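**Q** Dumping the structure here so I can ask a few things about it.
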Amino acid sequence: MENVHLAVEEDDLYSGYNDYNLTLDSEELENNAGFQQAVRTSHGRRPPMTAKFPGTAIGARPLATSFGSRMASSLGRPLTGAVQDGAARPMTAVRAAGYTSSMSRGSNFDPLGQSRGPAPPLEAKNEDTPEEKIKILEKKVNDLIEESCMAHSAGASQLALEKAKEAGRKERALARQREQAGNTEQICLDLTYSVLLNLANQYANNEMFPEALNSYQVIVRNKMFSNAGRLKVNMANIYFKQKNYPKAIKFYRMALDQISNAHKEVRIKIMQNIGVVFVRMGQYSDAITSFEHIMSESPNIRTGFNLILCYFAVGDRERMKKAFQKLISVPLGVDDEDKYLPSTDDSSANMVVEAIKNDKLHQMERDLKLLAEKYIMTAAKLIAPAIETSFATGFDWCVDMVKSSQYVELANDLEINKAITYLRQRDFNQAVETLKTFEKKDSRVKSAAATNLSFLYFLEKDYEQADRYADLAMNADRYNPAALINKGNTVFVKNDQEKAAEFYKEALRNDSCCTEALYNLGLAYKRQNRLEEALDCFLKLHAILRNSAQVMYQLASLYELLEDPQQAIDWLMKVISVTPTDPHLLAKLGELHDGEGDKSQAFQYYYESFRYFPSNIDVIEWLGAYYIETQFCEKAIQYFERATLIQPSQVKWQLVVASCYRRSGNYQKALETYKDIHRKFPENVECLRFLVRLCTDMGLQEVQDYATRLKKVEKMREIREQRVKSGREGSARGRRDGREGSAGSADSGHSSSSTRGERLSARMRSLPGSDEPYETSSPKELDASYVDPLGPQAERPKTGAKKRVEDDDFADEELGDDLLPE
């Protein structure tokens, strides 16, 4: 109670409650003139000028509000800009450029300091000092190494080697300068290592393997270079290229010992190289050991495929199956393709997808996936006939395994390859049945199967079925160029070249690099006699397929049709450079040179054609006629005797042989030949006439017998002709008119080929009678009195070898469908 004080009545308990600082009154700020002026202008933001008395910087200009009392420190601390002890102090801690405290004392405004004059020049670097010389030389060495690497990346291996050698010389000069300057402790080992390694690599790139090995040995034996033992991998690679496989394995294993287990990927790659070397050596069991270790530690597609090859080489069926299952289960680490599909809602996400769908990473992923599919398809085709009793059962097992893996889309391709295998085995029915099972599959597979079926029926000349399946393939996938080509081919054989050309053009619009469509389009234009357009097509194709013999031959054929034989000869010479032993091309060159009047060159090509293909009757006829024309009848005999063997039923060749014996003066041999011809062809009038004449002049007793036979044969022929004449007498005029009309409208090429065979027959029919002389003292008299079957050059039939690809015969290889997948 002592501490309790009672309130006095005079004391106000609530006094001072309503007292407050006006500074805190925010409701009256709108009516405060000083505050409003500070808000509207920079009045409140300007720093105060330097005051003459401390602590009175704001006191000299009292504000209309209570903010003035807050600006001054309660401790009496002077504000910024105040003057203490008479010394001027800057307003801030950082002096502004060009502004000083003495501005107001008459100094000029010079923010850039131009009144001080120009800056003194930089001191020139003294390059005569040893340190500067060493630095310059070291920079030159580094530049040479970089230039060498850039030259190699550009494909200039020789220039890269020269730069590497020069870098080596500069580096040795640098080491000598350091020794002379006494700076041996500053020798840069990294630079020396770079120079030697680059030189060794460039030697290896230029296939100078001994020099490369010596350079690598210099690095490996130098203990000052850390981790130099890894370069034994490079040395092993060189031994592998030299096919020194035992030494390659030795160095691979030495490099493997130098690499710690921390570098797992490098060790795996070296072990893979060891396995490949064992495969080259035929030691499949050792290779299997290496590949199995890799597949257990870090499986990859390439090693899995190599393991299957080794199991196939040793014939282990069960392990082949297990290895195939491991192969299709190897993770690729590739993202799903769905992430590259644009979404319809998010525009920013679509922009990102558009940017990354064709970048380097996506291309690498696609290449990796294509490589994996290639290995799986190849492995399946390899082991399918080996893992089961029949290849069909083996294919079925592979298809089942693939369907249960991440490569489900490859199952249909394997089925198509199964059909292709049936084709290779000449089992067309099974191939067709297998392909027909795809008619109800998805559009891509359905189109591929229908395309192959169309091609098969086309080869079997079942054009109706070929056309049906070509339509089916087009309906399933209108952008399939192979389907369009097949459709064009079926129209082509119906002689509707214009419509076929439209399908070929559509195939080219879908795939501008489709060489088959371009080739067939050229053929279609050629059939329509649109030679300039056909020439344009084949010239474009030649720019794509530089060494295609078919394309160059078509160009030669077109120039021949355009009556430019010199260009045709030039293109045929290019074809000969690709296929130098083609007898038909050589004969065609001989024909063109013969047409140009160059007989010696024509004989050279015809003779080469006969040497490669001695059964071409046109070439044989030309060579025999050439020797008769040059008065070497003995040499012509061997060619016509070969023609007799080729066409034994043609009497004209045997008559020409007998004529050659007679013209060469061997009458006894000629008589024997005529007698042999008479035994084979007893009703041949020309042979009997020559027998009568020869026997008469040689005084033989058989002359009467042959004369009797001749009269009998002539009488029989007259009777036969009278019977034929009496039967045709009524309609002879009409047929003759029809023949004349057809002859006038026939193609020039057909008429020339038909007259070629008629000329020799005409000469055979123009043989002299039995009472005409045939012996003279000079060849000139002989030609004047006796028309030989192969008389002077002016009467000799102009023959030529057939073309490699006949334009009138629609050949499948001309169309170049390329429909069966490889």
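Order determines the names: the first chain of the structure tokens is A, the second B, and so forth; residues in each chain are numbered 1 upward, and ligands are numbered 1 upward as they are shown.
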Leu371 (chain A): which residues within 10 Å, counting only C-alpha atoms, same-chain residues fewer than 6 positions away excluded, as a ChimeraX atom specification?
**A** /A:301-302,365,377
**Q** Going by DSSP on the backbone, which residues of region 565-746 of chain A come out as helix (DSSP H, G or I)? List them as number ranges by chain.
**A** A: 565-578, 583-595, 599-612, 617-629, 633-646, 651-663, 667-680, 685-698, 703-728, 732-745
**Q** Find, counting only C-alpha atoms, the residue in A:Lys669, A:Leu555, A:Asn234, A:Lys461 that gets nearest to Lys540 (chain A).
**A** A:Leu555
**Q** Find the spatial neighbours of Ser290 (chain A), counting only C-alpha atoms, within a cut-off of 8 Å - ignore same-chain residues fewer than 6 positions away - and output them as a PDB file with N, CA and C atoms, in the first residue's frame.
**A**
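Written out: part_19.pdb:
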ATOM      1  N   MET A 271      38.336 -52.317 -76.489  1.00  0.00           N
ATOM      2  CA  MET A 271      37.962 -53.750 -76.514  1.00  0.00           C
ATOM      3  C   MET A 271      37.170 -54.087 -77.775  1.00  0.00           C
ATOM      4  N   GLN A 272      36.367 -53.147 -78.253  1.00  0.00           N
ATOM      5  CA  GLN A 272      35.643 -53.376 -79.501  1.00  0.00           C
ATOM      6  C   GLN A 272      36.622 -53.498 -80.671  1.00  0.00           C
ATOM      7  N   ILE A 274      39.667 -54.591 -80.429  1.00  0.00           N
ATOM      8  CA  ILE A 274      40.315 -55.905 -80.263  1.00  0.00           C
ATOM      9  C   ILE A 274      39.431 -56.992 -80.848  1.00  0.00           C
ATOM     10  N   GLY A 275      38.116 -56.917 -80.593  1.00  0.00           N
ATOM     11  CA  GLY A 275      37.207 -57.910 -81.153  1.00  0.00           C
ATOM     12  C   GLY A 275      37.192 -57.898 -82.668  1.00  0.00           C
TER      13      GLY A 275
END
**Q** Please determine, counting only C-alpha atoms, which residue among A:Phe324, A:Tyr422, A:Phe209, A:Tyr245 has the shortest atom-to-atom distance to Ile376 (chain A).
**A**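 For Ile376 (chain A), the nearest of the candidates is A:Phe324.
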**Q** Applying 12 Å and only C-alpha atoms, which residues near Lys446 (chain A) remain after dropping the ones on its own chain fewer than 4 positions away? List them as a PyMOL selection string.
**A** chain A and resi 412-413+415-416+434-442+450-453+469-478+480+483
**Q** Which residues, written as a list in words, have at least one atom at most 8 Å from region 653-668 of chain A, with only C-alpha atoms counted and residues fewer than 2 positions away on the same chain left out?
**A**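 Answer for this query is Ile628, Cys633, Glu634, Ala636, Ile637, Phe640, Glu641, Ala643, Thr644, Gln650, Val651, Ala670, Leu671, Glu672, Thr673, Tyr674, Ile677, Cys687, Leu694, Asp788, Pro789 and Leu790 of chain A.
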**Q** Can you tell me which residues surround Ala707 (chain A) at a distance of at most 10 Å, considering only C-alpha atoms, apart from same-chain residues fewer than 2 positions away, and format the answer as a list in words?
**A** Leu688, Arg689, Leu691, Val692, Arg693, Cys695, Thr696, Glu702, Val703, Gln704, Asp705, Arg709, Leu710, Lys711, Lys712, Val713 and Ser770 of chain A
**Q** Kindly give the distance, in Å, that separates CA of Leu213 (chain A) and CA of Ala236 (chain A), rounded to a single decimal.
**A**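 Pair CA of Leu213 (chain A) / CA of Ala236 (chain A) returns 9.6 Å.
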**Q** Take CA of Leu341 (chain A) and CA of Val353 (chain A) and report the distance between them in Å, one decimal.
**A** 7.1 Å
**Q** Name the residues in contact with Trp397 (chain A) at a cut-off of 12 Å, using only C-alpha atoms, excluding same-chain residues fewer than 3 positions from it; report them as JSON, numbers by chain.
**A** {"A": [321, 324, 325, 380, 381, 383, 384, 385, 386, 387, 388, 389, 390, 391, 392, 393, 394, 400, 401, 402, 403, 404, 411, 414, 415, 418]}
**Q** Selection from above, N, CA, C and O atoms, as an mmCIF file, in the first residue's frame, can you write it?
**A**
data_model
loop_
_atom_site.group_PDB
_atom_site.id
_atom_site.type_symbol
_atom_site.label_atom_id
_atom_site.label_comp_id
_atom_site.auth_asym_id
_atom_site.auth_seq_id
_atom_site.Cartn_x
_atom_site.Cartn_y
_atom_site.Cartn_z
ATOM 1 N N LYS A 321 20.099 -66.599 -81.519
ATOM 2 C CA LYS A 321 18.801 -66.109 -81.063
ATOM 3 C C LYS A 321 18.960 -65.172 -79.866
ATOM 4 O O LYS A 321 18.345 -64.098 -79.819
ATOM 5 N N PHE A 324 20.403 -61.889 -80.954
ATOM 6 C CA PHE A 324 19.414 -61.062 -81.647
ATOM 7 C C PHE A 324 18.468 -60.400 -80.651
ATOM 8 O O PHE A 324 18.094 -59.229 -80.820
ATOM 9 N N GLN A 325 18.081 -61.138 -79.621
ATOM 10 C CA GLN A 325 17.224 -60.549 -78.596
ATOM 11 C C GLN A 325 17.941 -59.420 -77.852
ATOM 12 O O GLN A 325 17.336 -58.389 -77.522
ATOM 13 N N ALA A 380 18.533 -59.953 -89.126
ATOM 14 C CA ALA A 380 17.382 -60.848 -89.303
ATOM 15 C C ALA A 380 17.485 -61.611 -90.614
ATOM 16 O O ALA A 380 17.240 -62.831 -90.662
ATOM 17 N N LYS A 381 17.829 -60.918 -91.693
ATOM 18 C CA LYS A 381 17.963 -61.599 -92.983
ATOM 19 C C LYS A 381 19.109 -62.600 -92.966
ATOM 20 O O LYS A 381 19.065 -63.615 -93.677
ATOM 21 N N ILE A 383 20.349 -64.380 -90.153
ATOM 22 C CA ILE A 383 20.176 -65.554 -89.292
ATOM 23 C C ILE A 383 18.881 -66.298 -89.558
ATOM 24 O O ILE A 383 18.728 -67.436 -89.091
ATOM 25 N N ALA A 384 17.926 -65.684 -90.289
ATOM 26 C CA ALA A 384 16.629 -66.353 -90.498
ATOM 27 C C ALA A 384 16.776 -67.735 -91.131
ATOM 28 O O ALA A 384 16.146 -68.691 -90.670
ATOM 29 N N PRO A 385 17.593 -67.919 -92.180
ATOM 30 C CA PRO A 385 17.716 -69.279 -92.728
ATOM 31 C C PRO A 385 18.539 -70.220 -91.852
ATOM 32 O O PRO A 385 18.517 -71.435 -92.089
ATOM 33 N N ALA A 386 19.267 -69.683 -90.858
ATOM 34 C CA ALA A 386 20.201 -70.520 -90.099
ATOM 35 C C ALA A 386 19.647 -70.970 -88.759
ATOM 36 O O ALA A 386 20.066 -72.006 -88.230
ATOM 37 N N ILE A 387 18.697 -70.235 -88.175
ATOM 38 C CA ILE A 387 18.254 -70.574 -86.819
ATOM 39 C C ILE A 387 17.149 -71.623 -86.813
ATOM 40 O O ILE A 387 16.870 -72.218 -85.772
ATOM 41 N N GLU A 388 16.503 -71.859 -87.965
ATOM 42 C CA GLU A 388 15.451 -72.865 -88.042
ATOM 43 C C GLU A 388 15.697 -73.767 -89.240
ATOM 44 O O GLU A 388 16.620 -73.559 -90.020
ATOM 45 N N THR A 389 14.837 -74.754 -89.386
ATOM 46 C CA THR A 389 15.003 -75.706 -90.488
ATOM 47 C C THR A 389 14.709 -75.068 -91.843
ATOM 48 O O THR A 389 15.262 -75.490 -92.860
ATOM 49 N N SER A 390 13.838 -74.071 -91.885
ATOM 50 C CA SER A 390 13.526 -73.363 -93.125
ATOM 51 C C SER A 390 13.616 -71.864 -92.870
ATOM 52 O O SER A 390 13.401 -71.401 -91.745
ATOM 53 N N PHE A 391 13.909 -71.121 -93.934
ATOM 54 C CA PHE A 391 14.078 -69.678 -93.743
ATOM 55 C C PHE A 391 12.744 -69.016 -93.404
ATOM 56 O O PHE A 391 12.716 -67.993 -92.719
ATOM 57 N N ALA A 392 11.614 -69.590 -93.851
ATOM 58 C CA ALA A 392 10.315 -69.002 -93.538
ATOM 59 C C ALA A 392 10.043 -69.054 -92.044
ATOM 60 O O ALA A 392 9.585 -68.068 -91.434
ATOM 61 N N THR A 393 10.361 -70.197 -91.424
ATOM 62 C CA THR A 393 10.181 -70.312 -89.977
ATOM 63 C C THR A 393 11.111 -69.362 -89.237
ATOM 64 O O THR A 393 10.732 -68.739 -88.234
ATOM 65 N N GLY A 394 12.343 -69.235 -89.734
ATOM 66 C CA GLY A 394 13.284 -68.316 -89.108
ATOM 67 C C GLY A 394 12.825 -66.875 -89.219
ATOM 68 O O GLY A 394 12.937 -66.096 -88.263
ATOM 69 N N ASP A 400 8.334 -62.143 -84.862
ATOM 70 C CA ASP A 400 7.706 -62.166 -83.536
ATOM 71 C C ASP A 400 8.566 -61.428 -82.515
ATOM 72 O O ASP A 400 8.040 -60.700 -81.654
ATOM 73 N N MET A 401 9.885 -61.609 -82.581
ATOM 74 C CA MET A 401 10.767 -60.930 -81.645
ATOM 75 C C MET A 401 10.741 -59.410 -81.856
ATOM 76 O O MET A 401 10.729 -58.635 -80.900
ATOM 77 N N VAL A 402 10.737 -59.003 -83.113
ATOM 78 C CA VAL A 402 10.740 -57.572 -83.404
ATOM 79 C C VAL A 402 9.421 -56.931 -82.977
ATOM 80 O O VAL A 402 9.392 -55.794 -82.474
ATOM 81 N N LYS A 403 8.314 -57.637 -83.140
ATOM 82 C CA LYS A 403 7.016 -57.085 -82.748
ATOM 83 C C LYS A 403 6.933 -56.815 -81.249
ATOM 84 O O LYS A 403 6.201 -55.925 -80.813
ATOM 85 N N SER A 404 7.659 -57.599 -80.464
ATOM 86 C CA SER A 404 7.634 -57.414 -79.012
ATOM 87 C C SER A 404 8.708 -56.458 -78.520
ATOM 88 O O SER A 404 8.941 -56.362 -77.316
ATOM 89 N N ALA A 411 8.655 -54.876 -88.296
ATOM 90 C CA ALA A 411 8.078 -56.204 -88.535
ATOM 91 C C ALA A 411 7.529 -56.301 -89.954
ATOM 92 O O ALA A 411 7.728 -57.314 -90.652
ATOM 93 N N LEU A 414 10.294 -56.661 -92.440
ATOM 94 C CA LEU A 414 10.828 -58.025 -92.456
ATOM 95 C C LEU A 414 9.927 -58.952 -93.262
ATOM 96 O O LEU A 414 10.417 -59.849 -93.970
ATOM 97 N N GLU A 415 8.626 -58.755 -93.180
ATOM 98 C CA GLU A 415 7.713 -59.572 -93.978
ATOM 99 C C GLU A 415 7.942 -59.334 -95.469
ATOM 100 O O GLU A 415 7.928 -60.284 -96.269
ATOM 101 N N LYS A 418 10.940 -61.077 -96.506
ATOM 102 C CA LYS A 418 10.642 -62.507 -96.649
ATOM 103 C C LYS A 418 10.159 -62.801 -98.066
ATOM 104 O O LYS A 418 10.577 -63.789 -98.695
#
**Q** Considering only C-alpha atoms, state which residue in the set A:Ile356, A:Tyr407, A:Cys398, A:Ile288 is at the smallest distance from Ala372 (chain A).
**A**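 For Ala372 (chain A), the nearest of the given residues is A:Tyr407.
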**Q** Rank nothing, just name the residue among A:Leu382, A:Lys588, A:Leu484, A:Gln217 nearest to Phe312 (chain A), using only C-alpha atoms.
**A**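 Answer, going by the shortest atom-to-atom distance: A:Leu382.
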**Q** Work out how far CA of Ala543 (chain A) is from CA of Ala524 (chain A), in Å to one decimal.
**A**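 Interatomic distance, CA of Ala524 (chain A) to CA of Ala543 (chain A): 19.6 Å.
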**Q** Determine the nearest neighbour of Val493 (chain A) from the options A:Tyr525, A:Phe428, A:Phe458, A:Phe251, counting only C-alpha atoms.
**A**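 Selected residue with least distance to Val493 (chain A): A:Phe458.
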